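Enquirer: Below is the structure I would like to discuss, written out as structure tokens.
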Amino acid sequence: MHREEEIRLLGEVLPNVAAQLRGAMGNLYAAMQSAAPEMGKNPALIRDGEIMQQSYYQMLRLVNNLSSASMLLEEGALPTRNMEIVEWLENICRQAQPLAEEVGVDLLFSCQMRSHVVAANQDMLERLVWNLLSNAIKFTPQGGKITVSLRQNGAQLLLCVADTGCGISEELLDTVFDRYLHTERQDPQPHGLGLGLPLCRRITQGHGGRLMISSEVGKGTTVTVALPDRRSEDCEVRDVPFHYAGGFQPVMMELSDALPYTAFRRENLD
């Protein structure tokens with residue numbers, strides 16, 4: 001694809017598609033919420049309700065990625081503030097753990113530091129971690145393991161997500177950050193459009209860091225996010241509550257492509 005076509009795709013086409021979808025999805029969500037109490041009274045409709053909920057959350061996740069496609073054209077630094085990263089990352093793993101168990105995968109968090117403050121864009125970093133966790137859960141078979149770790153390495157913080165999944169072939173690794181441009185390599189679900197990893201790399205670069213992937217077919221994949229271990233001159237440590245506006249369950253949205261429809265029962269969404 002020529003650079004001009006790529007700019008138009010990422011800067012105009014995909015965000016416009018997302019904007020068109022959002023209105024229809026808002027109506028869909030309202031209709032589902034209205035119908036949910038009645039569906040819950042009918043055992044025959046419970047399965048259909050769970051499939052509808054999963055499909056809605058999958059579409060919402062896709063729309064968010066389409067809306068963010070223009071980020072891939074940017075090169076500047078992201079705004080950062082000091083945050084306590086150890087407890088924050090452990091909390092994300094704690095939220096994902098019971099959902100990983102739904103597919104028979106162990107999710108572990110490993111960190112020798114009790115606490116650590118670093119300058120970061122918490123919202124963007126949160127999105128990066130959820131993308132990596134979704135990929136790891138999606139491609140790790142039942143009985144497998146995912147390890148999320150955080151450690152210091154000189155002037156860097158290394159955030160790693162390692163799985164024992166199917167791995168990525170050397171051929172596919174060559175295009176893992178621009179697969180959305182290779183229509184001949186677009187795979188069926190659960191692979192998606194290929195925007196997740198490019199967005200993760202952009203978020204990492206926006207922090208002044210690097211994103212690296214090592215993988216072996218049949219043995220698993222490790223994604224390492226190397227972030228500068230520095231603090232902002234603004235010494236305020238901000239504890240942002242983990243939630244999204246809009247009345248939906250954010251964790252279910254982030255992992256919607258990786259979970260079975262049975263995970264979308266009412267108690268998980270309340």
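Letters A, B, ... mark the chains of the structure tokens in the order given; residue numbers begin at 1 per chain; ligand numbers begin at 1, in order shown.
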What are the closest atom pairs, with distances in Å to one decimal, for each residue of segment 1-88 of chain A lying within 6 Å of segment 249-259 of chain A, using only C-alpha atoms, rows by chain and rising residue number, as a tab-separated table?
Expert:
residue	atom	partner	partner_atom	distance
A:Tyr57	CA	A:Met253	CA	4.9
A:Gln58	CA	A:Ser256	CA	5.3
A:Arg61	CA	A:Met253	CA	6.0
Enquirer: For the residues in the current selection, export N, CA and C atoms as a PDB file, in the first residue's frame.
Expert:
ATOM      1  N   TYR A  57     -19.848  -6.493  22.885  1.00  0.00           N
ATOM      2  CA  TYR A  57     -18.564  -6.091  23.450  1.00  0.00           C
ATOM      3  C   TYR A  57     -17.433  -6.247  22.440  1.00  0.00           C
ATOM      4  N   GLN A  58     -17.498  -7.278  21.593  1.00  0.00           N
ATOM      5  CA  GLN A  58     -16.492  -7.425  20.545  1.00  0.00           C
ATOM      6  C   GLN A  58     -16.555  -6.269  19.553  1.00  0.00           C
ATOM      7  N   ARG A  61     -15.096  -3.124  21.171  1.00  0.00           N
ATOM      8  CA  ARG A  61     -13.626  -3.162  21.178  1.00  0.00           C
ATOM      9  C   ARG A  61     -13.069  -2.822  19.801  1.00  0.00           C
TER      10      ARG A  61
END
Enquirer: Write down as a PDB file with C-alpha atoms, in the first residue's frame the residues of segment 105-142 of chain A whose backbone DSSP state falls under alpha helix (DSSP H).
Expert:
ATOM      1  CA  GLN A 122      -1.864   5.668  32.581  1.00  0.00           C
ATOM      2  CA  ASP A 123      -4.852   5.507  30.257  1.00  0.00           C
ATOM      3  CA  MET A 124      -2.737   4.551  27.249  1.00  0.00           C
ATOM      4  CA  LEU A 125      -0.575   2.123  29.213  1.00  0.00           C
ATOM      5  CA  GLU A 126      -3.721   0.470  30.536  1.00  0.00           C
ATOM      6  CA  ARG A 127      -4.946  -0.024  27.019  1.00  0.00           C
ATOM      7  CA  LEU A 128      -1.612  -1.556  26.017  1.00  0.00           C
ATOM      8  CA  VAL A 129      -1.684  -4.090  28.866  1.00  0.00           C
ATOM      9  CA  TRP A 130      -5.247  -5.154  28.108  1.00  0.00           C
ATOM     10  CA  ASN A 131      -4.376  -5.658  24.447  1.00  0.00           C
ATOM     11  CA  LEU A 132      -1.440  -7.874  25.358  1.00  0.00           C
ATOM     12  CA  LEU A 133      -3.485  -9.853  27.875  1.00  0.00           C
ATOM     13  CA  SER A 134      -6.278 -10.366  25.345  1.00  0.00           C
ATOM     14  CA  ASN A 135      -3.812 -11.744  22.785  1.00  0.00           C
ATOM     15  CA  ALA A 136      -2.174 -14.009  25.349  1.00  0.00           C
ATOM     16  CA  ILE A 137      -5.458 -15.461  26.610  1.00  0.00           C
ATOM     17  CA  LYS A 138      -6.799 -15.811  23.068  1.00  0.00           C
TER      18      LYS A 138
END
Enquirer: Just the number, please: distance in Å from atom CA of Glu75 of chain A to atom CA of Ala119 of chain A, one decimal.
Expert: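 Result for atom CA of Glu75 of chain A versus atom CA of Ala119 of chain A: 18.4 Å, one decimal.
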Enquirer: Could you find all residues in segment 71-240 of chain A that DSSP calls strand (DSSP E or B) from the backbone, and write them as a CSV table (one decimal) with N, CA, C and O atoms, in the first residue's frame?
Expert:
chain,number,residue,atom,x,y,z
A,81,ARG,N,2.3,11.5,33.5
A,81,ARG,CA,2.3,12.0,34.9
A,81,ARG,C,2.8,10.8,35.8
A,81,ARG,O,2.8,9.7,35.4
A,82,ASN,N,3.3,11.1,37.0
A,82,ASN,CA,3.8,10.1,37.9
A,82,ASN,C,2.6,9.2,38.3
A,82,ASN,O,1.6,9.7,38.7
A,83,MET,N,2.9,7.9,38.3
A,83,MET,CA,1.9,6.9,38.8
A,83,MET,C,2.7,5.8,39.5
A,83,MET,O,3.8,5.5,39.2
A,84,GLU,N,1.9,5.1,40.4
A,84,GLU,CA,2.5,3.9,41.1
A,84,GLU,C,2.1,2.7,40.2
A,84,GLU,O,1.0,2.4,40.1
A,106,ASP,N,-3.9,-20.3,33.5
A,106,ASP,CA,-3.4,-19.7,34.7
A,106,ASP,C,-2.8,-18.3,34.4
A,106,ASP,O,-2.0,-18.2,33.4
A,107,LEU,N,-3.1,-17.3,35.1
A,107,LEU,CA,-2.5,-16.0,34.9
A,107,LEU,C,-1.8,-15.6,36.2
A,107,LEU,O,-2.4,-15.5,37.3
A,108,LEU,N,-0.5,-15.3,36.1
A,108,LEU,CA,0.3,-15.0,37.3
A,108,LEU,C,0.9,-13.6,37.1
A,108,LEU,O,1.3,-13.2,36.0
A,109,PHE,N,1.1,-13.0,38.3
A,109,PHE,CA,1.8,-11.7,38.3
A,109,PHE,C,3.1,-11.8,39.1
A,109,PHE,O,3.1,-12.4,40.2
A,110,SER,N,4.2,-11.4,38.5
A,110,SER,CA,5.5,-11.5,39.2
A,110,SER,C,6.2,-10.1,39.2
A,110,SER,O,6.4,-9.5,38.2
A,111,CYS,N,6.6,-9.7,40.4
A,111,CYS,CA,7.3,-8.5,40.6
A,111,CYS,C,8.0,-8.5,41.9
A,111,CYS,O,7.4,-8.7,43.0
A,117,VAL,N,7.3,4.3,41.4
A,117,VAL,CA,6.7,5.4,40.7
A,117,VAL,C,7.4,5.7,39.4
A,117,VAL,O,8.6,5.8,39.4
A,118,VAL,N,6.6,5.9,38.4
A,118,VAL,CA,7.2,6.1,37.0
A,118,VAL,C,6.3,7.1,36.3
A,118,VAL,O,5.1,7.2,36.6
A,119,ALA,N,6.9,7.9,35.4
A,119,ALA,CA,6.1,8.8,34.6
A,119,ALA,C,5.5,8.1,33.4
A,119,ALA,O,6.3,7.4,32.7
A,120,ALA,N,4.2,8.1,33.3
A,120,ALA,CA,3.5,7.3,32.2
A,120,ALA,C,2.2,7.9,32.0
A,120,ALA,O,1.6,8.7,32.7
A,145,LYS,N,-0.3,-21.2,30.5
A,145,LYS,CA,0.0,-20.3,31.6
A,145,LYS,C,0.4,-18.9,30.9
A,145,LYS,O,1.1,-18.9,29.9
A,146,ILE,N,0.0,-17.9,31.6
A,146,ILE,CA,0.4,-16.5,31.2
A,146,ILE,C,1.1,-15.9,32.4
A,146,ILE,O,0.6,-15.9,33.5
A,147,THR,N,2.3,-15.3,32.2
A,147,THR,CA,3.0,-14.6,33.3
A,147,THR,C,3.2,-13.1,32.9
A,147,THR,O,3.8,-12.8,31.9
A,148,VAL,N,2.7,-12.3,33.8
A,148,VAL,CA,2.9,-10.8,33.6
A,148,VAL,C,4.0,-10.4,34.6
A,148,VAL,O,3.8,-10.7,35.8
A,149,SER,N,5.0,-9.8,34.2
A,149,SER,CA,6.1,-9.5,35.1
A,149,SER,C,6.5,-8.0,34.9
A,149,SER,O,6.4,-7.5,33.8
A,150,LEU,N,7.1,-7.5,36.0
A,150,LEU,CA,7.6,-6.1,35.9
A,150,LEU,C,8.9,-6.1,36.7
A,150,LEU,O,9.0,-6.5,37.8
A,151,ARG,N,10.0,-5.5,36.1
A,151,ARG,CA,11.3,-5.5,36.8
A,151,ARG,C,12.1,-4.3,36.2
A,151,ARG,O,11.9,-3.8,35.1
A,152,GLN,N,13.0,-3.8,37.1
A,152,GLN,CA,14.0,-2.8,36.7
A,152,GLN,C,15.2,-3.4,35.9
A,152,GLN,O,15.6,-4.5,36.3
A,153,ASN,N,15.6,-2.7,34.9
A,153,ASN,CA,16.8,-3.1,34.2
A,153,ASN,C,17.6,-1.9,33.9
A,153,ASN,O,17.4,-1.3,32.8
A,156,GLN,N,15.7,1.3,32.7
A,156,GLN,CA,14.5,0.9,32.1
A,156,GLN,C,13.6,0.1,33.1
A,156,GLN,O,14.1,-0.5,34.0
A,157,LEU,N,12.3,0.2,32.8
A,157,LEU,CA,11.4,-0.8,33.4
A,157,LEU,C,10.9,-1.7,32.3
A,157,LEU,O,10.6,-1.3,31.2
A,158,LEU,N,11.0,-3.0,32.6
A,158,LEU,CA,10.6,-4.0,31.6
A,158,LEU,C,9.3,-4.7,32.1
A,158,LEU,O,9.2,-5.3,33.1
A,159,LEU,N,8.3,-4.4,31.3
A,159,LEU,CA,6.9,-5.0,31.5
A,159,LEU,C,6.8,-6.1,30.5
A,159,LEU,O,6.8,-5.9,29.3
A,160,CYS,N,6.7,-7.4,30.9
A,160,CYS,CA,6.6,-8.5,30.0
A,160,CYS,C,5.3,-9.3,30.2
A,160,CYS,O,4.8,-9.5,31.3
A,161,VAL,N,4.7,-9.7,29.1
A,161,VAL,CA,3.6,-10.6,29.1
A,161,VAL,C,4.0,-11.9,28.3
A,161,VAL,O,4.3,-11.8,27.1
A,162,ALA,N,4.2,-13.0,29.0
A,162,ALA,CA,4.7,-14.2,28.4
A,162,ALA,C,3.6,-15.3,28.5
A,162,ALA,O,3.0,-15.5,29.5
A,163,ASP,N,3.4,-16.0,27.4
A,163,ASP,CA,2.4,-17.1,27.4
A,163,ASP,C,3.0,-18.4,26.9
A,163,ASP,O,4.1,-18.4,26.3
A,210,ARG,N,10.5,1.0,23.8
A,210,ARG,CA,10.5,0.0,22.7
A,210,ARG,C,9.7,-1.2,23.1
A,210,ARG,O,9.6,-1.6,24.2
A,211,LEU,N,9.0,-1.8,22.0
A,211,LEU,CA,8.2,-3.0,22.2
A,211,LEU,C,8.9,-4.1,21.4
A,211,LEU,O,9.2,-3.9,20.2
A,212,MET,N,9.2,-5.2,22.0
A,212,MET,CA,9.9,-6.3,21.4
A,212,MET,C,9.1,-7.6,21.5
A,212,MET,O,8.4,-7.8,22.6
A,213,ILE,N,9.1,-8.4,20.5
A,213,ILE,CA,8.4,-9.7,20.5
A,213,ILE,C,9.3,-10.8,20.2
A,213,ILE,O,10.1,-10.8,19.2
A,214,SER,N,9.3,-11.9,21.0
A,214,SER,CA,10.0,-13.1,20.7
A,214,SER,C,9.0,-14.2,20.8
A,214,SER,O,8.1,-14.3,21.6
A,215,SER,N,9.1,-15.2,19.8
A,215,SER,CA,8.1,-16.2,19.8
A,215,SER,C,8.6,-17.4,19.1
A,215,SER,O,9.5,-17.4,18.3
A,216,GLU,N,8.1,-18.6,19.5
A,216,GLU,CA,8.4,-19.9,18.9
A,216,GLU,C,7.2,-20.7,18.7
A,216,GLU,O,6.4,-20.9,19.7
A,220,GLY,N,5.2,-20.7,22.6
A,220,GLY,CA,4.6,-19.4,23.2
A,220,GLY,C,5.3,-18.2,22.7
A,220,GLY,O,6.2,-18.2,21.8
A,221,THR,N,4.8,-17.1,23.2
A,221,THR,CA,5.2,-15.7,22.8
A,221,THR,C,5.4,-14.9,24.1
A,221,THR,O,4.7,-15.0,25.0
A,222,THR,N,6.5,-14.0,24.0
A,222,THR,CA,6.8,-13.1,25.0
A,222,THR,C,6.8,-11.7,24.4
A,222,THR,O,7.6,-11.5,23.4
A,223,VAL,N,6.0,-10.8,24.9
A,223,VAL,CA,6.1,-9.4,24.5
A,223,VAL,C,6.7,-8.6,25.6
A,223,VAL,O,6.2,-8.6,26.8
A,224,THR,N,7.7,-7.8,25.3
A,224,THR,CA,8.4,-7.0,26.3
A,224,THR,C,8.3,-5.5,26.0
A,224,THR,O,8.6,-5.1,24.9
A,225,VAL,N,7.8,-4.8,26.9
A,225,VAL,CA,7.6,-3.3,26.8
A,225,VAL,C,8.7,-2.7,27.7
A,225,VAL,O,8.7,-2.8,28.9
A,226,ALA,N,9.7,-2.1,27.0
A,226,ALA,CA,10.8,-1.4,27.7
A,226,ALA,C,10.5,0.1,27.8
A,226,ALA,O,10.4,0.8,26.8
A,227,LEU,N,10.3,0.6,29.1
A,227,LEU,CA,9.9,1.9,29.3
A,227,LEU,C,11.0,2.7,30.1
A,227,LEU,O,11.7,2.1,30.9
A,228,PRO,N,11.2,3.9,29.7
A,228,PRO,CA,12.2,4.7,30.5
A,228,PRO,C,11.8,4.8,32.0
A,228,PRO,O,10.7,5.1,32.3
A,237,VAL,N,1.3,12.2,42.4
A,237,VAL,CA,1.0,10.8,42.0
A,237,VAL,C,-0.5,10.7,41.9
A,237,VAL,O,-1.2,10.8,42.9
Enquirer: Nearest residue to Ile85 of chain A out of A:Arg231, A:Arg8, A:Arg201, A:Arg22, using only C-alpha atoms?
Expert: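 Ranked by minimum distance to Ile85 of chain A, first place goes to A:Arg231.
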Enquirer: Write out as a VMD selection string which residues come within 12 Å of Leu21 of chain A when counting only C-alpha atoms, dropping same-chain ones fewer than 2 positions away.
Expert: chain A and resid 14 to 19 23 to 28 56 59 to 64 66 to 67
Enquirer: Write the residues of the preceding selection, restricted to C-alpha atoms, as a PDB file, in the first residue's frame.
Expert:
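To be explicit, this is the file written out as out_34.pdb:
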ATOM      1  CA  LEU A  14     -11.238   3.756   9.707  1.00  0.00           C
ATOM      2  CA  PRO A  15     -12.156   6.541  12.186  1.00  0.00           C
ATOM      3  CA  ASN A  16     -15.169   7.464  10.008  1.00  0.00           C
ATOM      4  CA  VAL A  17     -16.332   3.835   9.968  1.00  0.00           C
ATOM      5  CA  ALA A  18     -16.057   3.812  13.767  1.00  0.00           C
ATOM      6  CA  ALA A  19     -18.109   7.001  14.076  1.00  0.00           C
ATOM      7  CA  GLY A  23     -24.615   5.492  16.840  1.00  0.00           C
ATOM      8  CA  ALA A  24     -26.059   2.139  15.821  1.00  0.00           C
ATOM      9  CA  MET A  25     -24.308   0.394  18.704  1.00  0.00           C
ATOM     10  CA  GLY A  26     -25.756   2.845  21.211  1.00  0.00           C
ATOM     11  CA  ASN A  27     -29.247   1.868  20.061  1.00  0.00           C
ATOM     12  CA  LEU A  28     -28.304  -1.799  20.159  1.00  0.00           C
ATOM     13  CA  TYR A  56     -21.750  -6.269  21.371  1.00  0.00           C
ATOM     14  CA  MET A  59     -17.918  -4.744  18.273  1.00  0.00           C
ATOM     15  CA  LEU A  60     -17.254  -2.076  20.896  1.00  0.00           C
ATOM     16  CA  ARG A  61     -13.626  -3.162  21.178  1.00  0.00           C
ATOM     17  CA  LEU A  62     -13.275  -3.107  17.394  1.00  0.00           C
ATOM     18  CA  VAL A  63     -14.801   0.370  17.180  1.00  0.00           C
ATOM     19  CA  ASN A  64     -12.376   1.670  19.809  1.00  0.00           C
ATOM     20  CA  LEU A  66     -10.803   1.815  14.577  1.00  0.00           C
ATOM     21  CA  SER A  67     -11.257   5.175  16.307  1.00  0.00           C
TER      22      SER A  67
END
Enquirer: Can you tell me which residues surround Gly144 of chain A at a distance of at most 6 Å, considering only C-alpha atoms, apart from same-chain residues fewer than 2 positions away, and format the answer as a PDB file with all heavy atoms, in the first residue's frame?
Expert:
ATOM      1  N   VAL A 105      -6.874 -21.177  31.739  1.00  0.00           N
ATOM      2  CA  VAL A 105      -5.504 -20.658  31.658  1.00  0.00           C
ATOM      3  C   VAL A 105      -5.119 -20.013  32.975  1.00  0.00           C
ATOM      4  O   VAL A 105      -5.899 -19.251  33.562  1.00  0.00           O
ATOM      5  CB  VAL A 105      -5.387 -19.625  30.516  1.00  0.00           C
ATOM      6  CG1 VAL A 105      -4.019 -18.945  30.526  1.00  0.00           C
ATOM      7  CG2 VAL A 105      -5.633 -20.286  29.175  1.00  0.00           C
ATOM      8  N   THR A 140      -3.595 -18.946  23.997  1.00  0.00           N
ATOM      9  CA  THR A 140      -3.040 -19.927  24.933  1.00  0.00           C
ATOM     10  C   THR A 140      -4.085 -21.003  25.197  1.00  0.00           C
ATOM     11  O   THR A 140      -5.189 -20.689  25.641  1.00  0.00           O
ATOM     12  CB  THR A 140      -2.636 -19.267  26.261  1.00  0.00           C
ATOM     13  OG1 THR A 140      -1.648 -18.260  25.997  1.00  0.00           O
ATOM     14  CG2 THR A 140      -2.050 -20.285  27.219  1.00  0.00           C
ATOM     15  N   PRO A 141      -3.780 -22.248  24.919  1.00  0.00           N
ATOM     16  CA  PRO A 141      -4.781 -23.309  25.080  1.00  0.00           C
ATOM     17  C   PRO A 141      -5.046 -23.636  26.544  1.00  0.00           C
ATOM     18  O   PRO A 141      -4.301 -23.230  27.446  1.00  0.00           O
ATOM     19  CB  PRO A 141      -4.139 -24.498  24.356  1.00  0.00           C
ATOM     20  CG  PRO A 141      -2.666 -24.254  24.474  1.00  0.00           C
ATOM     21  CD  PRO A 141      -2.506 -22.756  24.398  1.00  0.00           C
ATOM     22  N   GLN A 142      -6.109 -24.362  26.758  1.00  0.00           N
ATOM     23  CA  GLN A 142      -6.473 -24.804  28.106  1.00  0.00           C
ATOM     24  C   GLN A 142      -5.304 -25.546  28.745  1.00  0.00           C
ATOM     25  O   GLN A 142      -4.648 -26.365  28.114  1.00  0.00           O
ATOM     26  CB  GLN A 142      -7.699 -25.706  28.039  1.00  0.00           C
ATOM     27  CG  GLN A 142      -8.250 -26.107  29.397  1.00  0.00           C
ATOM     28  CD  GLN A 142      -9.548 -26.888  29.266  1.00  0.00           C
ATOM     29  OE1 GLN A 142      -9.962 -27.244  28.164  1.00  0.00           O
ATOM     30  NE2 GLN A 142     -10.205 -27.140  30.371  1.00  0.00           N
ATOM     31  N   THR A 164       2.321 -19.469  27.091  1.00  0.00           N
ATOM     32  CA  THR A 164       2.730 -20.789  26.602  1.00  0.00           C
ATOM     33  C   THR A 164       1.816 -21.222  25.471  1.00  0.00           C
ATOM     34  O   THR A 164       1.478 -22.403  25.352  1.00  0.00           O
ATOM     35  CB  THR A 164       2.715 -21.826  27.736  1.00  0.00           C
ATOM     36  OG1 THR A 164       1.375 -21.913  28.269  1.00  0.00           O
ATOM     37  CG2 THR A 164       3.671 -21.437  28.850  1.00  0.00           C
TER      38      THR A 164
END
Enquirer: So that I can see what lies close to Leu199 of chain A, please list as a list in words the residues with an atom at most 8 Å from it, counting only C-alpha atoms and leaving out residues fewer than 2 positions away in the same chain.
Expert: Ser68, Ala69, Met71, Leu72, Leu128, Leu195, Gly196, Leu197, Arg201, Arg202 and Ile203 of chain A
Enquirer: Please produce an output containing all heavy atoms for each residue in the selection, written as a PDB file, in the first residue's frame.
Expert:
ATOM      1  N   SER A  68      -9.006   4.730  17.082  1.00  0.00           N
ATOM      2  CA  SER A  68      -7.641   5.087  17.455  1.00  0.00           C
ATOM      3  C   SER A  68      -6.639   4.886  16.329  1.00  0.00           C
ATOM      4  O   SER A  68      -5.443   5.129  16.512  1.00  0.00           O
ATOM      5  CB  SER A  68      -7.202   4.254  18.670  1.00  0.00           C
ATOM      6  OG  SER A  68      -8.050   4.478  19.771  1.00  0.00           O
ATOM      7  N   ALA A  69      -7.101   4.458  15.157  1.00  0.00           N
ATOM      8  CA  ALA A  69      -6.184   4.142  14.059  1.00  0.00           C
ATOM      9  C   ALA A  69      -5.296   5.321  13.693  1.00  0.00           C
ATOM     10  O   ALA A  69      -4.125   5.143  13.322  1.00  0.00           O
ATOM     11  CB  ALA A  69      -6.973   3.669  12.837  1.00  0.00           C
ATOM     12  N   MET A  71      -3.810   7.280  15.507  1.00  0.00           N
ATOM     13  CA  MET A  71      -2.632   7.339  16.378  1.00  0.00           C
ATOM     14  C   MET A  71      -1.393   6.786  15.695  1.00  0.00           C
ATOM     15  O   MET A  71      -0.262   7.191  15.990  1.00  0.00           O
ATOM     16  CB  MET A  71      -2.874   6.545  17.674  1.00  0.00           C
ATOM     17  CG  MET A  71      -3.719   7.229  18.717  1.00  0.00           C
ATOM     18  SD  MET A  71      -3.867   6.193  20.192  1.00  0.00           S
ATOM     19  CE  MET A  71      -2.140   5.956  20.649  1.00  0.00           C
ATOM     20  N   LEU A  72      -1.588   5.840  14.775  1.00  0.00           N
ATOM     21  CA  LEU A  72      -0.461   5.193  14.115  1.00  0.00           C
ATOM     22  C   LEU A  72       0.268   6.132  13.171  1.00  0.00           C
ATOM     23  O   LEU A  72       1.374   5.825  12.719  1.00  0.00           O
ATOM     24  CB  LEU A  72      -0.940   3.952  13.358  1.00  0.00           C
ATOM     25  CG  LEU A  72      -1.618   2.872  14.208  1.00  0.00           C
ATOM     26  CD1 LEU A  72      -2.067   1.706  13.340  1.00  0.00           C
ATOM     27  CD2 LEU A  72      -0.697   2.389  15.319  1.00  0.00           C
ATOM     28  N   LEU A 128      -2.666  -0.665  26.505  1.00  0.00           N
ATOM     29  CA  LEU A 128      -1.612  -1.556  26.017  1.00  0.00           C
ATOM     30  C   LEU A 128      -1.646  -2.890  26.758  1.00  0.00           C
ATOM     31  O   LEU A 128      -1.607  -3.958  26.138  1.00  0.00           O
ATOM     32  CB  LEU A 128      -0.258  -0.871  26.191  1.00  0.00           C
ATOM     33  CG  LEU A 128       1.008  -1.650  25.815  1.00  0.00           C
ATOM     34  CD1 LEU A 128       2.107  -0.683  25.375  1.00  0.00           C
ATOM     35  CD2 LEU A 128       1.527  -2.480  26.984  1.00  0.00           C
ATOM     36  N   LEU A 195      -4.833  -4.398  14.345  1.00  0.00           N
ATOM     37  CA  LEU A 195      -4.531  -3.053  14.828  1.00  0.00           C
ATOM     38  C   LEU A 195      -3.975  -3.046  16.250  1.00  0.00           C
ATOM     39  O   LEU A 195      -3.339  -2.081  16.665  1.00  0.00           O
ATOM     40  CB  LEU A 195      -5.795  -2.179  14.783  1.00  0.00           C
ATOM     41  CG  LEU A 195      -6.272  -1.731  13.403  1.00  0.00           C
ATOM     42  CD1 LEU A 195      -7.642  -1.070  13.516  1.00  0.00           C
ATOM     43  CD2 LEU A 195      -5.271  -0.772  12.774  1.00  0.00           C
ATOM     44  N   GLY A 196      -4.227  -4.100  17.009  1.00  0.00           N
ATOM     45  CA  GLY A 196      -3.860  -4.111  18.423  1.00  0.00           C
ATOM     46  C   GLY A 196      -2.378  -3.923  18.686  1.00  0.00           C
ATOM     47  O   GLY A 196      -1.974  -3.033  19.440  1.00  0.00           O
ATOM     48  N   LEU A 197      -1.544  -4.764  18.080  1.00  0.00           N
ATOM     49  CA  LEU A 197      -0.101  -4.660  18.311  1.00  0.00           C
ATOM     50  C   LEU A 197       0.504  -3.363  17.774  1.00  0.00           C
ATOM     51  O   LEU A 197       1.364  -2.770  18.431  1.00  0.00           O
ATOM     52  CB  LEU A 197       0.619  -5.877  17.741  1.00  0.00           C
ATOM     53  CG  LEU A 197       0.554  -7.148  18.591  1.00  0.00           C
ATOM     54  CD1 LEU A 197       1.199  -8.317  17.870  1.00  0.00           C
ATOM     55  CD2 LEU A 197       1.201  -6.933  19.956  1.00  0.00           C
ATOM     56  N   ARG A 201       2.610  -0.742  20.066  1.00  0.00           N
ATOM     57  CA  ARG A 201       3.942  -0.216  19.750  1.00  0.00           C
ATOM     58  C   ARG A 201       3.934   1.315  19.751  1.00  0.00           C
ATOM     59  O   ARG A 201       4.864   1.938  20.255  1.00  0.00           O
ATOM     60  CB  ARG A 201       4.425  -0.738  18.400  1.00  0.00           C
ATOM     61  CG  ARG A 201       5.845  -0.265  18.074  1.00  0.00           C
ATOM     62  CD  ARG A 201       6.416  -0.895  16.835  1.00  0.00           C
ATOM     63  NE  ARG A 201       5.719  -0.458  15.624  1.00  0.00           N
ATOM     64  CZ  ARG A 201       6.151  -0.714  14.390  1.00  0.00           C
ATOM     65  NH1 ARG A 201       7.260  -1.419  14.206  1.00  0.00           N
ATOM     66  NH2 ARG A 201       5.464  -0.296  13.345  1.00  0.00           N
ATOM     67  N   ARG A 202       2.873   1.908  19.204  1.00  0.00           N
ATOM     68  CA  ARG A 202       2.782   3.374  19.196  1.00  0.00           C
ATOM     69  C   ARG A 202       2.721   3.935  20.619  1.00  0.00           C
ATOM     70  O   ARG A 202       3.364   4.941  20.937  1.00  0.00           O
ATOM     71  CB  ARG A 202       1.545   3.797  18.388  1.00  0.00           C
ATOM     72  CG  ARG A 202       1.122   5.239  18.602  1.00  0.00           C
ATOM     73  CD  ARG A 202       2.180   6.219  18.094  1.00  0.00           C
ATOM     74  NE  ARG A 202       1.867   7.569  18.546  1.00  0.00           N
ATOM     75  CZ  ARG A 202       2.688   8.358  19.222  1.00  0.00           C
ATOM     76  NH1 ARG A 202       3.909   7.943  19.537  1.00  0.00           N
ATOM     77  NH2 ARG A 202       2.329   9.560  19.591  1.00  0.00           N
ATOM     78  N   ILE A 203       1.967   3.281  21.491  1.00  0.00           N
ATOM     79  CA  ILE A 203       1.873   3.722  22.887  1.00  0.00           C
ATOM     80  C   ILE A 203       3.238   3.618  23.553  1.00  0.00           C
ATOM     81  O   ILE A 203       3.662   4.515  24.292  1.00  0.00           O
ATOM     82  CB  ILE A 203       0.821   2.889  23.642  1.00  0.00           C
ATOM     83  CG1 ILE A 203      -0.586   3.218  23.109  1.00  0.00           C
ATOM     84  CG2 ILE A 203       0.898   3.150  25.148  1.00  0.00           C
ATOM     85  CD1 ILE A 203      -1.666   2.272  23.593  1.00  0.00           C
TER      86      ILE A 203
END
Enquirer: Calculate how many Å separate atom CA of His207 of chain A from atom CA of Ala100 of chain A, rounding to one decimal.
Expert: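 Spanning atom CA of His207 of chain A to atom CA of Ala100 of chain A is a straight-line distance of 28.4 Å.
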Enquirer: Hey, which bits of segment 96-178 of chain A sit within 12 Å of segment 263-269 of chain A, and for each residue what's the closest pair of atoms and how far apart in Å (one decimal), counting only C-alpha atoms, rows by chain and increasing number, as a Markdown table?
Expert:
| residue | atom | partner | partner_atom | distance |
| --- | --- | --- | --- | --- |
| A:Ala96 | CA | A:Asn268 | CA | 11.9 |
| A:Pro98 | CA | A:Ala263 | CA | 10.1 |
| A:Leu99 | CA | A:Ala263 | CA | 7.4 |
| A:Ala100 | CA | A:Ala263 | CA | 10.1 |
| A:Glu101 | CA | A:Ala263 | CA | 10.3 |
| A:Glu102 | CA | A:Ala263 | CA | 6.9 |
| A:Val103 | CA | A:Ala263 | CA | 9.2 |
Enquirer: At what distance in Å, to one decimal, does atom CA of Trp88 of chain A lie from atom CA of Ser55 of chain A?
Expert: 28.6 Å
